[in-house]
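Here is entry.pdb, consisting of PDB, C-alpha atoms and all ligand atoms:
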MODEL        1
ATOM      1  CA  MET A   1      60.379 -12.261  -5.861
ATOM      2  CA  ALA A   2      60.743 -10.261  -9.074
ATOM      3  CA  HIS A   3      61.683  -7.220  -7.005
ATOM      4  CA  LEU A   4      64.151  -9.197  -4.900
ATOM      5  CA  ARG A   5      65.801 -10.691  -7.947
ATOM      6  CA  ALA A   6      66.133  -7.289  -9.597
ATOM      7  CA  ALA A   7      67.150  -5.221  -6.577
ATOM      8  CA  MET A   8      68.946  -7.611  -4.240
ATOM      9  CA  CYS A   9      71.407 -10.463  -4.275
ATOM     10  CA  VAL A  10      69.361 -13.495  -3.162
ATOM     11  CA  GLU A  11      71.755 -16.143  -1.890
ATOM     12  CA  ALA A  12      71.576 -19.559  -0.250
ATOM     13  CA  LEU A  13      71.592 -19.401   3.549
ATOM     14  CA  ASP A  14      74.925 -21.269   3.634
ATOM     15  CA  THR A  15      76.499 -18.521   1.512
ATOM     16  CA  VAL A  16      75.020 -15.749   3.630
ATOM     17  CA  VAL A  17      76.256 -17.447   6.822
ATOM     18  CA  ASP A  18      79.735 -17.905   5.287
ATOM     19  CA  ASN A  19      79.863 -14.203   4.462
ATOM     20  CA  LEU A  20      78.549 -13.093   7.842
ATOM     21  CA  GLU A  21      81.160 -15.278   9.522
ATOM     22  CA  SER A  22      84.087 -14.065   7.447
ATOM     23  CA  GLY A  23      82.988 -10.442   7.743
ATOM     24  CA  MET A  24      82.857 -10.081   3.987
ATOM     25  CA  THR A  25      80.775  -7.101   2.992
ATOM     26  CA  THR A  26      77.954  -8.227   0.778
ATOM     27  CA  THR A  27      75.671  -5.355   0.053
ATOM     28  CA  ASN A  28      72.038  -6.164  -0.704
ATOM     29  CA  SER A  29      72.478  -9.815   0.291
ATOM     30  CA  VAL A  30      69.245 -11.609   1.232
ATOM     31  CA  ALA A  31      68.378 -15.190   2.202
ATOM     32  CA  LEU A  32      64.800 -16.445   1.759
ATOM     33  CA  THR A  33      63.503 -18.600   4.609
ATOM     34  CA  VAL A  34      60.137 -20.250   5.255
ATOM     35  CA  ASP A  35      58.974 -21.954   8.453
ATOM     36  CA  ASP A  36      57.024 -25.050   9.459
ATOM     37  CA  GLY A  37      56.386 -27.166   6.351
ATOM     38  CA  THR A  38      52.910 -26.689   4.955
ATOM     39  CA  ALA A  39      52.033 -28.137   1.564
ATOM     40  CA  ASP A  40      51.873 -24.693  -0.023
ATOM     41  CA  PHE A  41      55.669 -24.523   0.185
ATOM     42  CA  VAL A  42      55.802 -27.136  -2.581
ATOM     43  CA  ASP A  43      52.500 -26.276  -4.308
ATOM     44  CA  VAL A  44      52.812 -22.469  -4.384
ATOM     45  CA  ALA A  45      56.249 -21.237  -3.333
ATOM     46  CA  LEU A  46      58.414 -23.777  -5.160
ATOM     47  CA  PRO A  47      57.111 -22.940  -8.678
ATOM     48  CA  ILE A  48      57.833 -19.254  -7.961
ATOM     49  CA  LEU A  49      61.344 -20.040  -6.701
ATOM     50  CA  LEU A  50      61.901 -22.087  -9.869
ATOM     51  CA  GLU A  51      60.544 -19.332 -12.122
ATOM     52  CA  PHE A  52      62.948 -16.788 -10.651
ATOM     53  CA  GLN A  53      65.708 -19.308  -9.865
ATOM     54  CA  LEU A  54      65.958 -18.173  -6.230
ATOM     55  CA  PRO A  55      67.379 -20.348  -3.430
ATOM     56  CA  ALA A  56      65.405 -20.774  -0.190
ATOM     57  CA  THR A  57      65.539 -22.582   3.133
ATOM     58  CA  LEU A  58      62.561 -24.379   4.674
ATOM     59  CA  TYR A  59      62.832 -24.758   8.456
ATOM     60  CA  LEU A  60      60.839 -27.960   8.974
ATOM     61  CA  SER A  61      58.861 -29.210  11.976
ATOM     62  CA  THR A  62      59.072 -32.902  11.170
ATOM     63  CA  GLY A  63      56.323 -34.120  13.524
ATOM     64  CA  PHE A  64      53.609 -32.534  11.390
ATOM     65  CA  VAL A  65      54.878 -34.267   8.238
ATOM     66  CA  ASP A  66      54.972 -37.618  10.048
ATOM     67  CA  SER A  67      51.579 -37.363  11.768
ATOM     68  CA  ARG A  68      49.799 -35.556   8.882
ATOM     69  CA  LYS A  69      48.342 -33.332  11.628
ATOM     70  CA  SER A  70      47.400 -29.872  10.317
ATOM     71  CA  TYR A  71      49.180 -26.731  11.438
ATOM     72  CA  PRO A  72      47.010 -23.963  12.943
ATOM     73  CA  ALA A  73      44.637 -22.290  10.430
ATOM     74  CA  ASN A  74      44.231 -25.644   8.625
ATOM     75  CA  GLY A  75      47.745 -25.619   7.214
ATOM     76  CA  ARG A  76      48.020 -28.990   5.498
ATOM     77  CA  PRO A  77      51.490 -30.480   6.065
ATOM     78  CA  VAL A  78      53.833 -31.038   3.139
ATOM     79  CA  SER A  79      54.699 -34.664   2.264
ATOM     80  CA  TRP A  80      58.163 -36.216   2.384
ATOM     81  CA  ALA A  81      57.817 -36.934  -1.360
ATOM     82  CA  GLY A  82      57.073 -33.250  -1.985
ATOM     83  CA  LEU A  83      60.152 -32.284   0.005
ATOM     84  CA  ARG A  84      62.299 -34.712  -2.002
ATOM     85  CA  ASP A  85      61.006 -33.027  -5.180
ATOM     86  CA  ALA A  86      61.885 -29.612  -3.706
ATOM     87  CA  LEU A  87      65.410 -30.751  -2.822
ATOM     88  CA  SER A  88      65.924 -32.206  -6.306
ATOM     89  CA  THR A  89      65.662 -28.709  -7.795
ATOM     90  CA  GLY A  90      68.930 -27.747  -6.099
ATOM     91  CA  LEU A  91      67.345 -24.475  -4.971
ATOM     92  CA  VAL A  92      66.002 -25.657  -1.619
ATOM     93  CA  THR A  93      67.700 -26.657   1.589
ATOM     94  CA  ILE A  94      65.957 -27.990   4.677
ATOM     95  CA  GLY A  95      66.647 -26.527   8.092
ATOM     96  CA  ALA A  96      65.364 -27.719  11.482
ATOM     97  CA  HIS A  97      62.457 -26.276  13.490
ATOM     98  CA  THR A  98      62.074 -28.991  16.225
ATOM     99  CA  HIS A  99      59.919 -32.125  15.803
ATOM    100  CA  ASN A 100      56.743 -30.801  17.481
ATOM    101  CA  HIS A 101      57.270 -27.042  17.174
ATOM    102  CA  VAL A 102      57.985 -26.672  20.909
ATOM    103  CA  LEU A 103      58.839 -23.321  22.493
ATOM    104  CA  LEU A 104      62.397 -23.690  23.759
ATOM    105  CA  ASP A 105      62.227 -21.130  26.552
ATOM    106  CA  ARG A 106      59.876 -23.266  28.669
ATOM    107  CA  CYS A 107      60.596 -26.973  28.117
ATOM    108  CA  SER A 108      63.088 -29.207  29.947
ATOM    109  CA  VAL A 109      66.573 -29.904  28.616
ATOM    110  CA  ALA A 110      65.487 -33.534  28.108
ATOM    111  CA  VAL A 111      62.489 -32.520  25.986
ATOM    112  CA  ALA A 112      64.567 -30.024  23.997
ATOM    113  CA  THR A 113      67.260 -32.648  23.323
ATOM    114  CA  GLU A 114      64.628 -35.130  22.133
ATOM    115  CA  GLU A 115      62.944 -32.478  19.955
ATOM    116  CA  LEU A 116      66.181 -31.407  18.229
ATOM    117  CA  ASP A 117      67.556 -34.916  17.746
ATOM    118  CA  ARG A 118      64.237 -36.349  16.538
ATOM    119  CA  CYS A 119      63.882 -33.528  13.986
ATOM    120  CA  ASN A 120      67.400 -34.096  12.671
ATOM    121  CA  GLU A 121      66.944 -37.883  12.520
ATOM    122  CA  ARG A 122      63.688 -37.657  10.580
ATOM    123  CA  ILE A 123      65.229 -35.254   8.031
ATOM    124  CA  GLU A 124      68.292 -37.515   7.691
ATOM    125  CA  ASP A 125      66.144 -40.670   7.311
ATOM    126  CA  GLU A 126      63.654 -39.223   4.820
ATOM    127  CA  LEU A 127      65.747 -36.726   2.863
ATOM    128  CA  GLY A 128      69.306 -38.032   3.218
ATOM    129  CA  MET A 129      70.722 -34.745   4.459
ATOM    130  CA  THR A 130      71.683 -33.296   7.824
ATOM    131  CA  PRO A 131      70.106 -29.905   8.581
ATOM    132  CA  ARG A 132      72.726 -27.200   9.139
ATOM    133  CA  HIS A 133      70.456 -24.350  10.169
ATOM    134  CA  PHE A 134      67.770 -23.917  12.816
ATOM    135  CA  ALA A 135      64.886 -21.528  13.454
ATOM    136  CA  TYR A 136      63.317 -21.146  16.902
ATOM    137  CA  PRO A 137      59.570 -21.945  16.868
ATOM    138  CA  LYS A 138      57.596 -18.684  16.972
ATOM    139  CA  ALA A 139      61.017 -16.950  16.986
ATOM    140  CA  VAL A 140      61.090 -17.329  20.790
ATOM    141  CA  PRO A 141      64.759 -17.570  21.870
ATOM    142  CA  ALA A 142      65.771 -20.508  24.078
ATOM    143  CA  ARG A 143      66.964 -20.458  27.661
ATOM    144  CA  VAL A 144      70.777 -20.425  27.901
ATOM    145  CA  ASP A 145      71.049 -24.139  28.778
ATOM    146  CA  ILE A 146      68.912 -25.083  25.781
ATOM    147  CA  GLU A 147      70.603 -22.616  23.438
ATOM    148  CA  ALA A 148      73.812 -24.598  24.050
ATOM    149  CA  LEU A 149      72.082 -27.664  22.555
ATOM    150  CA  VAL A 150      71.216 -25.630  19.454
ATOM    151  CA  ARG A 151      74.772 -24.288  19.145
ATOM    152  CA  ALA A 152      76.153 -27.831  19.344
ATOM    153  CA  ARG A 153      73.973 -29.137  16.513
ATOM    154  CA  TYR A 154      73.760 -26.426  13.835
ATOM    155  CA  ARG A 155      75.734 -23.731  12.007
ATOM    156  CA  SER A 156      73.199 -20.985  12.589
ATOM    157  CA  ALA A 157      69.929 -20.213  14.340
ATOM    158  CA  ALA A 158      67.310 -17.617  13.492
ATOM    159  CA  VAL A 159      65.343 -15.530  15.973
ATOM    160  CA  ALA A 160      63.173 -12.459  15.222
ATOM    161  CA  GLY A 161      64.369  -8.883  14.921
ATOM    162  CA  THR A 162      63.302  -7.342  11.597
ATOM    163  CA  ARG A 163      66.677  -5.726  11.041
ATOM    164  CA  SER A 164      69.793  -6.472   9.003
ATOM    165  CA  ASN A 165      72.605  -8.808  10.062
ATOM    166  CA  VAL A 166      75.968  -7.033   9.964
ATOM    167  CA  PRO A 167      78.906  -9.007   8.504
ATOM    168  CA  GLY A 168      81.589  -9.611  11.124
ATOM    169  CA  ALA A 169      79.348  -8.378  13.944
ATOM    170  CA  THR A 170      76.618 -11.013  13.972
ATOM    171  CA  ASP A 171      76.102 -13.939  16.352
ATOM    172  CA  LEU A 172      75.246 -16.701  13.863
ATOM    173  CA  PHE A 173      72.971 -18.257  16.503
ATOM    174  CA  ARG A 174      70.930 -15.037  16.818
ATOM    175  CA  LEU A 175      70.282 -14.315  13.152
ATOM    176  CA  TYR A 176      67.687 -11.613  12.667
ATOM    177  CA  ARG A 177      64.799 -12.238  10.307
ATOM    178  CA  SER A 178      62.195  -9.961   8.795
ATOM    179  CA  PRO A 179      58.824 -11.735   8.626
ATOM    180  CA  ILE A 180      56.888 -10.746   5.517
ATOM    181  CA  GLN A 181      53.124 -10.483   5.953
ATOM    182  CA  ASN A 182      50.225  -9.800   3.587
ATOM    183  CA  ALA A 183      49.357  -6.746   5.673
ATOM    184  CA  ASP A 184      52.764  -5.178   4.934
ATOM    185  CA  GLY A 185      51.666  -4.019   1.505
ATOM    186  CA  TRP A 186      54.299  -2.840  -0.945
ATOM    187  CA  GLU A 187      55.617  -0.087   1.316
ATOM    188  CA  GLY A 188      56.123  -2.343   4.336
ATOM    189  CA  PHE A 189      57.714  -5.025   2.175
ATOM    190  CA  SER A 190      60.162  -2.520   0.664
ATOM    191  CA  ARG A 191      61.105  -1.219   4.103
ATOM    192  CA  LYS A 192      61.666  -4.736   5.450
ATOM    193  CA  VAL A 193      63.784  -5.678   2.435
ATOM    194  CA  ASN A 194      66.041  -2.768   3.372
ATOM    195  CA  GLY A 195      66.239  -3.847   7.026
ATOM    196  CA  GLY A 196      63.535  -1.476   8.298
ATOM    197  CA  MET A 197      60.455  -1.796  10.576
ATOM    198  CA  ARG A 198      62.511  -2.827  13.590
ATOM    199  CA  THR A 199      60.330  -0.894  16.047
ATOM    200  CA  GLU A 200      57.128  -2.502  14.754
ATOM    201  CA  ASP A 201      58.740  -5.911  15.244
ATOM    202  CA  ASP A 202      59.898  -5.075  18.780
ATOM    203  CA  ILE A 203      56.323  -4.094  19.721
ATOM    204  CA  ARG A 204      54.908  -7.267  18.143
ATOM    205  CA  ARG A 205      57.365  -9.371  20.157
ATOM    206  CA  VAL A 206      56.292  -7.787  23.450
ATOM    207  CA  ILE A 207      52.656  -8.557  22.553
ATOM    208  CA  ASN A 208      53.618 -12.140  21.646
ATOM    209  CA  VAL A 209      55.069 -12.784  25.119
ATOM    210  CA  ALA A 210      51.502 -12.432  26.397
ATOM    211  CA  ARG A 211      50.001 -14.372  23.471
ATOM    212  CA  TYR A 212      52.261 -17.392  24.050
ATOM    213  CA  ARG A 213      51.829 -17.407  27.848
ATOM    214  CA  GLY A 214      50.775 -20.895  28.995
ATOM    215  CA  LYS A 215      51.466 -22.449  25.587
ATOM    216  CA  ALA A 216      54.047 -25.180  24.985
ATOM    217  CA  SER A 217      54.235 -25.106  21.178
TER     218      SER A 217
HETATM  219 ZN    ZN B 301      57.055 -22.221  13.139
ENDMDL
END

Please, can you express the file's structure as structure tokens?
Amino acid sequence: MAHLRAAMCVEALDTVVDNLESGMTTTNSVALTVDDGTADFVDVALPILLEFQLPATLYLSTGFVDSRKSYPANGRPVSWAGLRDALSTGLVTIGAHTHNHVLLDRCSVAVATEELDRCNERIEDELGMTPRHFAYPKAVPARVDIEALVRARYRSAAVAGTRSNVPGATDLFRLYRSPIQNADGWEGFSRKVNGGMRTEDDIRRVINVARYRGKAS
């Protein structure tokens, strides 16, 4: 985060989407996004965001917060109270990530509609805001009929990609993201910050098609 603050222009996702839409050239513009909604977003990430005064978006799967069911790898879900604290800082916005983290390339339109609407309703009821941005669970893009549901409900949607989004030439419902992993080390992180490691991401996505075969969420 220290590197990002020094070297890049870290902006709220709304600002980045505005600039991508208008075609304004913003060099070194970055939006920070986090998926799912584990407690470490509030316990670990939020103090760091506050220290460096960096805005971030949390794409939330609301079903885990409601049920208190753990995410894979024992990821304890965040609480609604913790999310209200995060919002009160003014640095955090909440995006949608379906209610039960369903993969939108393989469910019915009815299930997808229920998943998107339920997620939005829970965020509205608990946090008093309507999510404007969406991230596809596991970055798996939706079928065309389901993508239309996403386009009707949000301002933007994030997929995978590990490459930069070009102002004026970006589909706001296919926003590329660069997932940051511990294994990246400093070199990998630096390359991703500059829009690199696209090939590595493409290979990982091909492998993931096999990994997610037969799974629903
Ligand atoms: Zn997720």

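Compared by their closest atoms to Ala45 of chain A, and using all atoms listed in the file, the residues A:Ala86, A:Val206, A:Met197, A:Ala7 rank with A:Ala86 nearest.
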
Using only C-alpha atoms and all ligand atoms, find each protein or nucleic acid residue lying at most 8 Å from ligand ZN 301 (chain B); present the set as JSON, numbers by chain.
-> {"A": [35, 36, 59, 61, 97, 101, 135, 136, 137, 138, 139]}

Nearest to Asn28 of chain A among A:Arg76, A:Arg143, A:Arg204, A:Arg5, with distances taken over only C-alpha atoms: which residue is it?
->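 Smallest separation from Asn28 of chain A among the options: A:Arg5.
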
Do you know which residues lie at most 8 Å from (75.6, -5.2, 7.3), with coordinates as in the file and all atoms listed in the file counted, and could you write them as a PyMOL selection string?
-> chain A and resi 25-27+164-167

Run the PyMOL selection byres (((chain A and resi 93-96) around 6) and not hetatm) on the file and write out the hits as a count of residues only.
-> 10

A:Thr62, A:Arg163, A:Asp105, A:Leu13: which is nearest Asp125 of chain A, counting all atoms listed in the file?
-> A:Thr62

Distance of atom CA of Arg177 of chain A from atom CA of Asp40 of chain A, expressed in Å to one decimal place =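 These two atoms are separated by 20.7 Å.
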
Quick one: pull the distance between atom CA of Asp201 of chain A and atom CA of Ile180 of chain A, Å, one decimal.
->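 Taking atom CA of Asp201 of chain A as the start and atom CA of Ile180 of chain A as the end point, the length is 11.0 Å.
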
For Arg213 of chain A, which residue among A:Val17, A:Val34, A:Val140, A:Ala12 is the nearest when counting all atoms listed in the file?
->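 Looking only at the distances to Arg213 of chain A, the closest residue turns out to be A:Val140.
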
Result set, the PyMOL selection byres (((chain A and resi 156-158) around 6) and not hetatm) on current file, as a PyMOL selection string | chain A and resi 133-135+154-155+159+172-175

Best match for closeness to Val30 of chain A among A:Pro55, A:Pro72, A:Pro47, A:Gly185, counting all atoms listed in the file | A:Pro55

Å distance separating atom CA of Gly188 of chain A from atom CA of Ile48 of chain A, one decimal place =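 Value for the atom CA of Gly188 of chain A-atom CA of Ile48 of chain A distance: 21.0 Å.
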
Expand the PyMOL selection byres (((chain A and resi 11) around 9) and not hetatm) into the individual residues it matches in the shown file, reporting them as a list in words.
->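 Those residues are Cys9, Val10, Ala12, Leu13, Asp14, Thr15, Val16, Ser29, Val30, Ala31, Leu32, Leu54, Pro55 and Ala56 of chain A.
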
Counting all atoms listed in the file, what is within 12 Å of Gly128 of chain A, bar same-chain residues fewer than 4 positions away, as a PyMOL selection string?
-> chain A and resi 80+83-84+87-88+93-94+120-124

Kindly indicate which residue among A:Thr38, A:Thr89, A:Thr162, A:Ser217 lies nearest to Ile203 of chain A, using all atoms listed in the file for the distances.
-> A:Thr162

Padding 5 Å on each side, edges along x, y and z: where is the centre of the box around the listed atoms of segment 8-13 of chain A, and how long are its edges in Å to one decimal? Output it as AutoDock Vina command-line options.
--center_x 70.4 --center_y -13.6 --center_z -0.4 --size_x 12.8 --size_y 21.9 --size_z 17.8

Residues near segment 107-115 of chain A, cut-off 8 Å, all atoms listed in the file, skip fewer than 3 positions along chain, as a list in words =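 These residues fall inside the cut-off: Thr98, His99, Asn100, Val102, Leu103, Leu104, Arg118, Cys119, Asp145, Ile146, Leu149 and Ala216 of chain A.
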